[in-house]
$ cat work24.cif   # mmCIF, C-alpha atoms
data_target
loop_
_atom_site.label_atom_id
_atom_site.label_comp_id
_atom_site.auth_asym_id
_atom_site.auth_seq_id
_atom_site.Cartn_x
_atom_site.Cartn_y
_atom_site.Cartn_z
CA LEU A 1 -52.92 53.65 -121.56
CA SER A 2 -50.54 53.09 -118.66
CA SER A 3 -52.55 55.46 -116.44
CA GLN A 4 -55.75 53.56 -117.39
CA ARG A 5 -54.11 50.27 -116.48
CA LYS A 6 -52.84 51.72 -113.21
CA LEU A 7 -56.35 52.96 -112.42
CA SER A 8 -57.90 49.61 -113.22
CA GLU A 9 -55.37 47.86 -110.97
CA GLU A 10 -56.01 50.35 -108.14
CA ARG A 11 -59.75 49.70 -108.25
CA LEU A 12 -59.33 45.93 -108.43
CA SER A 13 -56.95 45.99 -105.47
CA LEU A 14 -59.39 48.12 -103.41
CA LEU A 15 -62.26 45.76 -104.25
CA SER A 16 -60.04 42.90 -103.06
CA GLY A 17 -59.47 44.61 -99.70
CA GLN A 18 -56.05 46.06 -100.50
CA GLY A 19 -55.07 49.74 -100.33
CA SER A 20 -52.68 52.29 -101.78
CA GLU A 21 -50.81 55.34 -100.51
CA VAL A 22 -52.82 58.54 -100.29
CA THR A 23 -50.82 60.93 -102.45
CA VAL A 24 -53.46 63.57 -103.13
CA CYS A 25 -56.51 64.94 -101.35
CA ASP A 26 -59.06 66.53 -103.69
CA VAL A 27 -61.47 68.22 -101.25
CA GLY A 28 -61.60 69.49 -97.68
CA LEU A 29 -57.89 69.73 -96.90
CA GLU A 30 -58.10 73.44 -96.06
CA GLN A 31 -60.82 72.65 -93.46
CA SER A 32 -58.88 69.79 -91.92
CA LYS A 33 -55.82 69.59 -89.64
CA PRO A 34 -53.38 66.67 -89.62
CA ALA A 35 -54.76 63.99 -87.29
CA THR A 36 -52.89 64.02 -83.97
CA LEU A 37 -53.76 61.58 -81.17
CA ARG A 38 -54.34 63.23 -77.77
CA LYS A 39 -54.90 66.53 -79.55
CA ASN A 40 -57.65 66.42 -82.18
CA VAL A 41 -58.51 62.73 -82.71
CA THR A 42 -59.50 59.89 -80.38
CA TYR A 43 -59.54 56.32 -81.65
CA ILE A 44 -61.19 53.63 -79.54
CA VAL A 45 -60.66 49.90 -80.07
CA CYS A 46 -63.11 47.31 -78.83
CA ALA A 47 -62.85 43.49 -78.87
CA VAL A 48 -65.71 41.03 -79.25
CA ILE A 49 -64.40 37.59 -78.17
CA PHE A 50 -66.39 34.38 -77.75
CA ASN A 51 -65.52 31.02 -76.23
CA GLU A 52 -66.70 27.65 -77.58
CA LYS A 53 -70.02 28.01 -75.68
CA GLU A 54 -70.66 31.34 -77.45
CA GLU A 55 -70.22 33.19 -74.17
CA VAL A 56 -68.73 36.64 -74.65
CA LEU A 57 -65.68 38.02 -72.82
CA MET A 58 -66.63 40.88 -70.48
CA VAL A 59 -64.59 43.03 -68.09
CA GLN A 60 -65.65 44.71 -64.86
CA GLU A 61 -64.78 48.40 -64.80
CA ALA A 62 -62.46 49.91 -62.19
CA LYS A 63 -63.05 53.54 -63.22
CA PRO A 64 -64.92 55.57 -60.55
CA ASP A 65 -67.67 56.76 -62.95
CA CYS A 66 -68.65 53.19 -63.95
CA TYR A 67 -67.21 51.21 -61.01
CA LYS A 68 -68.17 47.50 -60.99
CA GLN A 69 -70.19 47.78 -64.22
CA TRP A 70 -69.45 45.39 -67.11
CA TYR A 71 -68.33 46.15 -70.65
CA LEU A 72 -66.44 44.65 -73.58
CA PRO A 73 -62.61 45.03 -73.43
CA ALA A 74 -62.11 48.48 -74.95
CA GLY A 75 -60.01 51.61 -74.67
CA ARG A 76 -58.12 54.39 -76.37
CA VAL A 77 -55.37 53.86 -78.91
CA GLU A 78 -52.12 55.24 -77.46
CA VAL A 79 -49.57 57.35 -79.33
CA GLY A 80 -47.34 55.19 -81.56
CA GLU A 81 -49.67 52.18 -81.63
CA SER A 82 -51.36 50.46 -84.53
CA LEU A 83 -55.07 49.67 -84.09
CA GLU A 84 -54.34 45.94 -83.72
CA GLU A 85 -51.62 46.55 -81.11
CA ALA A 86 -54.02 48.72 -79.12
CA MET A 87 -56.71 46.03 -79.22
CA LYS A 88 -54.29 43.31 -78.04
CA ARG A 89 -53.01 45.54 -75.22
CA GLU A 90 -56.53 46.37 -73.99
CA VAL A 91 -57.56 42.69 -73.95
CA LYS A 92 -54.37 41.77 -72.05
CA GLU A 93 -54.66 44.60 -69.50
CA GLU A 94 -58.40 44.29 -68.88
CA ALA A 95 -59.09 40.57 -69.34
CA GLY A 96 -55.72 38.80 -68.87
CA PHE A 97 -55.69 37.10 -72.26
CA GLU A 98 -53.35 37.21 -75.23
CA SER A 99 -55.47 37.70 -78.35
CA GLU A 100 -55.45 38.04 -82.12
CA PRO A 101 -57.89 40.04 -84.23
CA VAL A 102 -60.02 38.01 -86.66
CA THR A 103 -61.58 40.89 -88.61
CA LEU A 104 -63.01 44.36 -88.23
CA LEU A 105 -66.73 43.97 -87.54
CA LEU A 106 -67.90 47.52 -87.59
CA ILE A 107 -66.71 51.13 -87.44
CA GLN A 108 -68.58 53.81 -85.51
CA GLU A 109 -67.81 57.51 -85.72
CA GLN A 110 -68.80 60.95 -84.52
CA GLY A 111 -66.77 62.83 -87.08
CA PRO A 112 -63.00 62.48 -87.50
CA GLN A 113 -62.42 63.43 -83.85
CA TRP A 114 -63.97 60.20 -82.40
CA ILE A 115 -63.81 56.85 -84.19
CA ARG A 116 -64.37 53.41 -82.66
CA PHE A 117 -63.00 50.30 -84.36
CA ILE A 118 -64.76 47.10 -83.29
CA PHE A 119 -62.84 43.86 -83.84
CA LEU A 120 -63.96 40.27 -83.70
CA ALA A 121 -61.00 38.58 -81.97
CA LYS A 122 -59.91 35.25 -80.50
CA VAL A 123 -57.97 34.18 -77.39
CA THR A 124 -54.48 32.80 -78.11
CA GLY A 125 -53.05 32.53 -74.58
CA GLY A 126 -52.98 33.89 -71.03
CA SER A 127 -55.66 33.33 -68.40
CA LEU A 128 -58.88 35.01 -67.29
CA LYS A 129 -58.18 37.96 -64.98
CA SER A 130 -59.50 37.29 -61.47
CA LEU A 131 -60.42 39.71 -58.65
CA SER A 132 -57.05 39.06 -57.00
CA ALA A 133 -55.40 40.73 -60.05
CA ALA A 134 -57.67 43.83 -59.90
CA ASP A 135 -55.93 47.09 -60.86
CA GLN A 136 -56.86 50.47 -62.36
CA GLU A 137 -57.43 48.83 -65.78
CA SER A 138 -60.25 46.54 -64.59
CA LEU A 139 -61.44 44.62 -61.53
CA GLN A 140 -61.80 41.24 -63.25
CA ALA A 141 -62.98 39.50 -66.43
CA SER A 142 -65.67 36.91 -66.99
CA TRP A 143 -67.42 34.93 -69.73
CA TRP A 144 -71.05 36.06 -70.04
CA ASP A 145 -73.78 33.76 -71.37
CA ARG A 146 -75.75 36.87 -72.47
CA GLN A 147 -78.78 35.66 -70.44
CA SER A 148 -77.84 36.06 -66.78
CA GLU A 149 -78.25 39.39 -65.02
CA LEU A 150 -75.24 41.66 -65.47
CA GLN A 151 -74.99 45.37 -64.75
CA LEU A 152 -73.78 46.80 -68.06
CA ARG A 153 -71.91 50.07 -68.39
CA GLY A 154 -73.77 50.73 -71.64
CA ARG A 155 -76.32 48.91 -73.77
CA ASP A 156 -74.49 50.01 -76.92
CA ILE A 157 -72.36 46.86 -76.66
CA LEU A 158 -75.36 44.55 -77.21
CA ARG A 159 -75.39 45.57 -80.87
CA LEU A 160 -71.65 44.89 -81.13
CA ILE A 161 -72.03 41.44 -79.56
CA GLU A 162 -74.90 40.72 -81.96
CA SER A 163 -72.67 41.75 -84.92
CA GLY A 164 -69.99 39.33 -83.72
CA LEU A 165 -72.44 36.43 -83.38
CA LYS A 166 -73.85 37.09 -86.85
CA TYR A 167 -70.38 37.21 -88.40
CA ARG A 168 -69.38 33.90 -86.77
CA LEU A 169 -72.54 32.28 -88.10
CA SER A 170 -72.27 33.69 -91.60
CA PRO A 171 -69.46 36.15 -92.51
CA CYS A 172 -71.12 39.04 -94.33
CA HIS A 173 -67.87 40.59 -95.53
CA PRO A 174 -64.35 39.28 -96.20
CA VAL A 175 -61.79 39.29 -93.39
CA THR A 176 -60.76 42.94 -93.15
CA LEU A 177 -57.88 44.16 -90.99
CA PRO A 178 -56.17 47.57 -90.99
CA LEU A 179 -53.50 47.97 -93.67
CA ASP A 180 -50.19 49.46 -92.56
CA LEU A 181 -50.14 52.49 -94.86
CA SER A 182 -49.57 55.91 -93.39
CA CYS A 183 -51.84 58.89 -93.82
CA ARG A 184 -51.71 62.40 -92.32
CA HIS A 185 -55.42 63.20 -92.17
CA VAL A 186 -58.65 61.30 -91.68
CA VAL A 187 -59.79 60.86 -95.28
CA GLN A 188 -62.40 59.01 -97.33
CA ARG A 189 -61.37 57.58 -100.69
CA LEU A 190 -64.41 57.09 -102.90
CA MET A 191 -65.16 54.35 -105.31
CA LEU A 192 -68.23 56.32 -106.33
CA VAL A 193 -70.61 54.55 -108.70
CA PHE A 194 -73.76 55.88 -110.31
CA ASN A 195 -76.95 53.92 -109.69
CA ILE A 196 -75.07 50.86 -108.33
CA THR A 197 -75.98 48.71 -111.37
CA ASP A 198 -74.27 51.06 -113.84
CA VAL A 199 -70.57 50.49 -113.57
CA ILE A 200 -69.63 54.13 -114.02
CA PHE A 201 -67.09 55.72 -111.70
CA LEU A 202 -66.34 59.30 -110.85
CA LEU A 203 -62.65 60.09 -111.30
CA ALA A 204 -60.56 63.10 -110.37
CA ALA A 205 -57.86 64.58 -112.61
CA PRO A 206 -55.20 65.52 -113.76
CA GLU A 207 -53.69 62.03 -113.28
CA PRO A 208 -56.96 59.98 -113.15
CA HIS A 209 -57.52 58.65 -109.65
CA LEU A 210 -60.35 57.83 -107.26
CA PRO A 211 -61.46 61.03 -105.50
CA THR A 212 -60.23 61.47 -101.92
CA ALA A 213 -61.67 63.95 -99.43
CA ALA A 214 -60.62 64.98 -95.93
CA ALA A 215 -63.17 64.50 -93.14
CA VAL A 216 -64.21 67.74 -91.41
CA ARG A 217 -64.94 68.09 -87.69
CA THR A 218 -68.46 69.45 -88.12
CA HIS A 219 -69.76 66.39 -89.98
CA ALA A 220 -69.70 62.60 -90.09
CA VAL A 221 -66.55 61.12 -91.65
CA THR A 222 -68.59 59.93 -94.65
CA TRP A 223 -69.79 63.48 -95.33
CA ALA A 224 -66.54 63.71 -97.30
CA ALA A 225 -68.35 61.85 -100.12
CA ASN A 226 -71.02 64.57 -100.19
CA MET A 227 -68.30 67.23 -100.46
CA VAL A 228 -66.89 65.52 -103.57
CA VAL A 229 -70.29 65.25 -105.26
CA GLN A 230 -71.11 68.85 -104.35
CA GLU A 231 -67.89 70.05 -105.97
CA ALA A 232 -68.14 67.82 -109.05
CA MET A 233 -71.81 68.36 -109.96
CA GLN A 234 -73.25 71.20 -107.98
CA SER A 235 -76.59 71.60 -109.78
CA ALA A 236 -77.43 67.88 -109.52
CA TYR A 237 -76.29 67.52 -105.89
CA TYR A 238 -79.67 68.23 -104.27
CA ASP A 239 -81.50 65.84 -106.63
CA HIS A 240 -79.36 62.85 -105.69
CA ASP A 241 -78.64 60.72 -102.63
CA VAL A 242 -75.01 60.13 -101.73
CA ASN A 243 -74.81 56.89 -99.81
CA THR A 244 -71.60 55.37 -98.41
CA LEU A 245 -72.40 51.64 -98.60
CA GLY A 246 -69.46 50.58 -96.45
CA VAL A 247 -65.71 50.18 -96.11
CA LEU A 248 -63.67 48.04 -98.52
CA SER A 249 -60.48 48.49 -96.51
CA LEU A 250 -58.86 50.96 -94.15
CA GLN A 251 -55.33 52.27 -93.83
CA HIS A 252 -53.59 53.37 -90.65
CA ASN A 253 -50.01 53.42 -89.42
CA GLY A 254 -49.89 55.51 -86.24
CA ARG A 255 -46.12 55.29 -85.68
CA GLN A 256 -45.36 59.01 -85.80
CA ASN A 257 -47.56 61.25 -83.68
CA GLY A 258 -49.14 63.99 -85.78
CA LYS A 259 -47.59 62.66 -89.01
CA THR A 260 -49.13 59.20 -89.46
CA ASP A 261 -52.11 59.32 -87.07
CA GLY A 262 -54.57 59.66 -89.95
CA VAL A 263 -56.87 56.97 -91.31
CA CYS A 264 -57.90 56.40 -94.91
CA PHE A 265 -61.29 54.73 -95.38
CA ASN A 266 -61.53 53.13 -98.81
CA THR A 267 -65.27 53.15 -99.40
CA LEU A 268 -67.89 52.12 -101.92
CA VAL A 269 -70.33 54.98 -102.46
CA ALA A 270 -73.55 54.97 -104.51
CA LEU A 271 -75.00 58.07 -106.15
CA THR A 272 -78.69 57.54 -106.84
CA PRO A 273 -81.39 59.90 -108.11
CA ASP A 274 -83.72 61.13 -105.39
CA HIS A 275 -87.19 60.11 -106.50
CA VAL A 276 -88.87 63.04 -104.77
CA GLN A 277 -88.14 66.27 -106.63
CA ARG A 278 -89.29 69.71 -105.51
CA ASP A 279 -89.54 73.08 -107.23
CA GLU A 280 -88.27 76.38 -105.75
CA ASP A 281 -91.40 76.67 -103.58
CA GLY A 282 -90.83 73.22 -102.09
CA ARG A 283 -93.74 71.61 -103.98
CA LYS A 284 -93.29 68.04 -105.17
CA VAL A 285 -92.96 67.69 -108.93
CA GLU A 286 -93.29 64.67 -111.18
CA TRP A 287 -89.91 63.52 -112.38
CA THR A 288 -88.61 60.52 -114.24
CA PRO A 289 -84.91 59.69 -113.87
CA THR A 290 -83.10 59.54 -117.20
CA GLY A 291 -80.83 56.68 -116.18
CA GLN A 292 -77.87 58.87 -117.14
CA PRO A 293 -75.31 60.04 -114.56
CA PRO A 294 -75.63 63.75 -113.75
CA ARG A 295 -73.49 66.13 -115.76
CA VAL A 296 -70.09 66.86 -114.24
CA GLU A 297 -69.59 70.64 -114.02
CA HIS A 298 -66.13 70.80 -112.52
CA PRO A 299 -63.18 70.40 -114.91
CA ARG A 300 -61.29 68.22 -112.45
CA TYR A 301 -63.81 65.35 -112.49
CA VAL A 302 -65.02 62.93 -115.12
CA TRP A 303 -67.33 59.90 -115.34
CA HIS A 304 -65.56 56.77 -116.50
CA GLU A 305 -67.30 53.60 -117.67
CA VAL A 306 -65.69 50.35 -116.62
CA GLN A 307 -64.93 48.07 -119.55
CA LYS A 308 -62.97 45.39 -117.73
CA GLN A 309 -65.25 42.41 -117.08
CA THR A 310 -63.50 41.19 -113.90
CA LEU A 311 -63.83 44.64 -112.37
CA ARG A 312 -67.51 44.95 -113.35
CA GLU A 313 -68.34 41.56 -111.84
CA LYS A 314 -66.44 42.17 -108.61
CA LEU A 315 -68.10 45.53 -108.15
CA LEU A 316 -71.63 44.24 -108.79
CA GLU A 317 -71.03 41.36 -106.38
CA LYS A 318 -69.86 43.79 -103.66
CA THR A 319 -72.87 46.09 -104.06
CA ARG A 320 -75.40 43.28 -104.34
CA ASN A 321 -74.23 41.43 -101.23
CA ALA A 322 -73.23 44.54 -99.25
CA ALA A 323 -69.98 42.64 -98.57
CA LEU A 324 -68.44 45.62 -96.80
CA VAL A 325 -67.48 46.60 -93.26
CA PRO A 326 -70.34 48.83 -92.02
CA ILE A 327 -69.48 52.37 -90.95
CA HIS A 328 -72.12 53.94 -88.70
CA SER A 329 -72.34 57.60 -87.85
CA LEU A 330 -73.43 58.18 -84.24
CA TYR A 331 -74.31 61.83 -84.85
#
$ encode --input "work24.cif" --output "structure tokens"
Amino acid sequence: LSSQRKLSEERLSLLSGQGSEVTVCDVGLEQSKPATLRKNVTYIVCAVIFNEKEEVLMVQEAKPDCYKQWYLPAGRVEVGESLEEAMKREVKEEAGFESEPVTLLLIQEQGPQWIRFIFLAKVTGGSLKSLSAADQESLQASWWDRQSELQLRGRDILRLIESGLKYRLSPCHPVTLPLDLSCRHVVQRLMLVFNITDVIFLLAAPEPHLPTAAAVRTHAVTWAANMVVQEAMQSAYYDHDVNTLGVLSLQHNGRQNGKTDGVCFNTLVALTPDHVQRDEDGRKVEWTPTGQPPRVEHPRYVWHEVQKQTLREKLLEKTRNAALVPIHSLY
């Protein structure tokens, strides 16, 4: 009973944007090395900051390969930094302002080796960097009305600015900031539900817990969810879609290089039957889903139906409203 209660509390806390230590990794550890900044992982932070006129803070690049072009304040996380500290430092160095993060807006990734964390942030002090303060970090900063002509370093930031405007207008997910919990690897913890509307979770044993998988370099970070499903129910894997709906919370500490440089993404994942079935020759076959979760074939996993009403309601609300931080694979 106590392990059931513990499990129920863990899931409720994740759905409320909290986290918990990663004590076990069920899949992929042998294909993964401990995350080490400057060696096998690069984390980028990026800040989307608006003023009261809804102009966005932009910085003019000093780097030779994009000299004089404009971009959002952004840069690499340095060894020993938290993600928030890195964001504040970049805004200060490149734009002259003190700042505070408001929430994570979006996460972009190209596998565990390159992850970009985009924050919506606000100015709390300092002053706009002028040309007279130009250095190797940036030439100057400016507020952009998003209409006037500006030579951008990359059009990828337009989507990020759009995300920030949308969030200010109508927050689509709760305020989500990194939780200071250390992790060795880049991992995905799965709150994996069958069919979204059925509140049935996949659990890993022996001590029941939400499955956790290490991200592998050859795939998107969220491929870890596919690895879990493949191990748990191999024969049903190709008849189902594994879809990471988004991030409930994320955990990162970063204080000890190579020991706490990992990130844990606590995610909500839906397993849904693929409505197009094919036989061995690749021909489409008629197929009616049974509404039952696929049979688990691995002794370490089990389906578990949620009885607790508060948990059921919270979960259905999350899935219905997609109230999660999006994670986009740029592969």
$ resolve_selection --input "work24.cif" --expression "the PyMOL selection byres ((chain A and resi 93-106) around 7)" --output "ChimeraX atom specification"
/A:59,73,84,88-92,107-108,117-129,137-138,140-141,163-164,175-177,325-327
$ resolve_selection --input "work24.cif" --expression "the PyMOL selection byres ((chain A and resi 192) around 10)" --output "PyMOL selection string"
chain A and resi 189-191+193-196+199-203+210-211+225+228-229+242-245+267-271+303
$ atom_distance --input "work24.cif" --atom1 "CA of Asn321 (chain A)" --atom2 "CA of Cys172 (chain A)"
7.9 Å
$ atom_distance --input "work24.cif" --atom1 "CA of Ala220 (chain A)" --atom2 "CA of Gly111 (chain A)"
4.2 Å
$ closest_residue --input "work24.cif" --among "A:Leu150, A:Ala62, A:Val187, A:Met87" --to "Leu131 (chain A)" --atoms "only C-alpha atoms"
A:Ala62
$ resolve_selection --input "work24.cif" --expression "the PyMOL selection byres ((chain A and resi 145) around 12)" --output "CSV table (one decimal) with C-alpha atoms, in the frame of the given file"
chain,number,residue,atom,x,y,z
A,50,PHE,CA,-66.4,34.4,-77.8
A,51,ASN,CA,-65.5,31.0,-76.2
A,52,GLU,CA,-66.7,27.6,-77.6
A,53,LYS,CA,-70.0,28.0,-75.7
A,54,GLU,CA,-70.7,31.3,-77.4
A,55,GLU,CA,-70.2,33.2,-74.2
A,56,VAL,CA,-68.7,36.6,-74.6
A,57,LEU,CA,-65.7,38.0,-72.8
A,58,MET,CA,-66.6,40.9,-70.5
A,142,SER,CA,-65.7,36.9,-67.0
A,143,TRP,CA,-67.4,34.9,-69.7
A,144,TRP,CA,-71.0,36.1,-70.0
A,146,ARG,CA,-75.8,36.9,-72.5
A,147,GLN,CA,-78.8,35.7,-70.4
A,148,SER,CA,-77.8,36.1,-66.8
A,149,GLU,CA,-78.2,39.4,-65.0
A,150,LEU,CA,-75.2,41.7,-65.5
A,161,ILE,CA,-72.0,41.4,-79.6
$ residues_near_point --input "work24.cif" --point "(-60.2, 75.0, -92.9)" --cutoff "12 Å" --atoms "all atoms listed in the file" --output "PyMOL selection string"
chain A and resi 27-34+214-218
$ atom_distance --input "work24.cif" --atom1 "CA of Gly154 (chain A)" --atom2 "CA of Trp70 (chain A)"
8.2 Å
$ closest_residue --input "work24.cif" --among "A:Ala35, A:Ala236, A:Ile115, A:Leu169" --to "Val296 (chain A)" --atoms "only C-alpha atoms"
A:Ala236
$ axis_aligned_box --input "work24.cif" --around "region 179-186 of chain A" --padding-each-side "5 Å" --output "AutoDock Vina command-line options"
--center_x -54.1 --center_y 55.6 --center_z -93.3 --size_x 19.1 --size_y 25.2 --size_z 13.2
$ decode --input "work24.cif" --residues "region 43-56 of chain A" --atoms "N, CA, C and O atoms" --output "PDB file, in the first residue's frame"
ATOM      1  N   TYR A  43      24.051  22.902 -24.310  1.00  0.00           N
ATOM      2  CA  TYR A  43      22.749  23.488 -23.983  1.00  0.00           C
ATOM      3  C   TYR A  43      22.791  24.965 -24.361  1.00  0.00           C
ATOM      4  O   TYR A  43      23.758  25.664 -24.033  1.00  0.00           O
ATOM      5  N   ILE A  44      21.765  25.411 -25.061  1.00  0.00           N
ATOM      6  CA  ILE A  44      21.641  26.819 -25.435  1.00  0.00           C
ATOM      7  C   ILE A  44      20.461  27.406 -24.669  1.00  0.00           C
ATOM      8  O   ILE A  44      19.424  26.742 -24.522  1.00  0.00           O
ATOM      9  N   VAL A  45      20.628  28.623 -24.160  1.00  0.00           N
ATOM     10  CA  VAL A  45      19.494  29.334 -23.566  1.00  0.00           C
ATOM     11  C   VAL A  45      19.174  30.529 -24.455  1.00  0.00           C
ATOM     12  O   VAL A  45      20.062  31.096 -25.087  1.00  0.00           O
ATOM     13  N   CYS A  46      17.907  30.884 -24.490  1.00  0.00           N
ATOM     14  CA  CYS A  46      17.467  31.977 -25.345  1.00  0.00           C
ATOM     15  C   CYS A  46      16.371  32.728 -24.591  1.00  0.00           C
ATOM     16  O   CYS A  46      15.532  32.101 -23.942  1.00  0.00           O
ATOM     17  N   ALA A  47      16.392  34.069 -24.639  1.00  0.00           N
ATOM     18  CA  ALA A  47      15.423  34.868 -23.888  1.00  0.00           C
ATOM     19  C   ALA A  47      14.531  35.667 -24.826  1.00  0.00           C
ATOM     20  O   ALA A  47      15.025  36.354 -25.729  1.00  0.00           O
ATOM     21  N   VAL A  48      13.221  35.547 -24.615  1.00  0.00           N
ATOM     22  CA  VAL A  48      12.238  36.350 -25.338  1.00  0.00           C
ATOM     23  C   VAL A  48      11.704  37.374 -24.338  1.00  0.00           C
ATOM     24  O   VAL A  48      11.067  37.004 -23.349  1.00  0.00           O
ATOM     25  N   ILE A  49      12.024  38.660 -24.580  1.00  0.00           N
ATOM     26  CA  ILE A  49      11.672  39.729 -23.623  1.00  0.00           C
ATOM     27  C   ILE A  49      10.943  40.847 -24.363  1.00  0.00           C
ATOM     28  O   ILE A  49      11.424  41.316 -25.409  1.00  0.00           O
ATOM     29  N   PHE A  50       9.814  41.253 -23.836  1.00  0.00           N
ATOM     30  CA  PHE A  50       9.040  42.340 -24.454  1.00  0.00           C
ATOM     31  C   PHE A  50       9.012  43.552 -23.532  1.00  0.00           C
ATOM     32  O   PHE A  50       9.109  43.426 -22.311  1.00  0.00           O
ATOM     33  N   ASN A  51       8.830  44.738 -24.136  1.00  0.00           N
ATOM     34  CA  ASN A  51       8.554  45.928 -23.324  1.00  0.00           C
ATOM     35  C   ASN A  51       7.040  46.188 -23.345  1.00  0.00           C
ATOM     36  O   ASN A  51       6.282  45.389 -23.926  1.00  0.00           O
ATOM     37  N   GLU A  52       6.621  47.304 -22.743  1.00  0.00           N
ATOM     38  CA  GLU A  52       5.164  47.553 -22.643  1.00  0.00           C
ATOM     39  C   GLU A  52       4.514  47.816 -24.005  1.00  0.00           C
ATOM     40  O   GLU A  52       3.301  47.693 -24.164  1.00  0.00           O
ATOM     41  N   LYS A  53       5.324  48.126 -25.035  1.00  0.00           N
ATOM     42  CA  LYS A  53       4.760  48.346 -26.379  1.00  0.00           C
ATOM     43  C   LYS A  53       4.753  47.053 -27.196  1.00  0.00           C
ATOM     44  O   LYS A  53       4.510  47.076 -28.405  1.00  0.00           O
ATOM     45  N   GLU A  54       5.094  45.935 -26.532  1.00  0.00           N
ATOM     46  CA  GLU A  54       5.194  44.631 -27.197  1.00  0.00           C
ATOM     47  C   GLU A  54       6.308  44.595 -28.238  1.00  0.00           C
ATOM     48  O   GLU A  54       6.271  43.835 -29.204  1.00  0.00           O
ATOM     49  N   GLU A  55       7.307  45.471 -28.050  1.00  0.00           N
ATOM     50  CA  GLU A  55       8.524  45.366 -28.860  1.00  0.00           C
ATOM     51  C   GLU A  55       9.395  44.300 -28.202  1.00  0.00           C
ATOM     52  O   GLU A  55       9.342  44.116 -26.981  1.00  0.00           O
ATOM     53  N   VAL A  56      10.181  43.619 -29.015  1.00  0.00           N
ATOM     54  CA  VAL A  56      10.985  42.509 -28.496  1.00  0.00           C
ATOM     55  C   VAL A  56      12.459  42.926 -28.425  1.00  0.00           C
ATOM     56  O   VAL A  56      12.951  43.666 -29.283  1.00  0.00           O
TER      57      VAL A  56
END
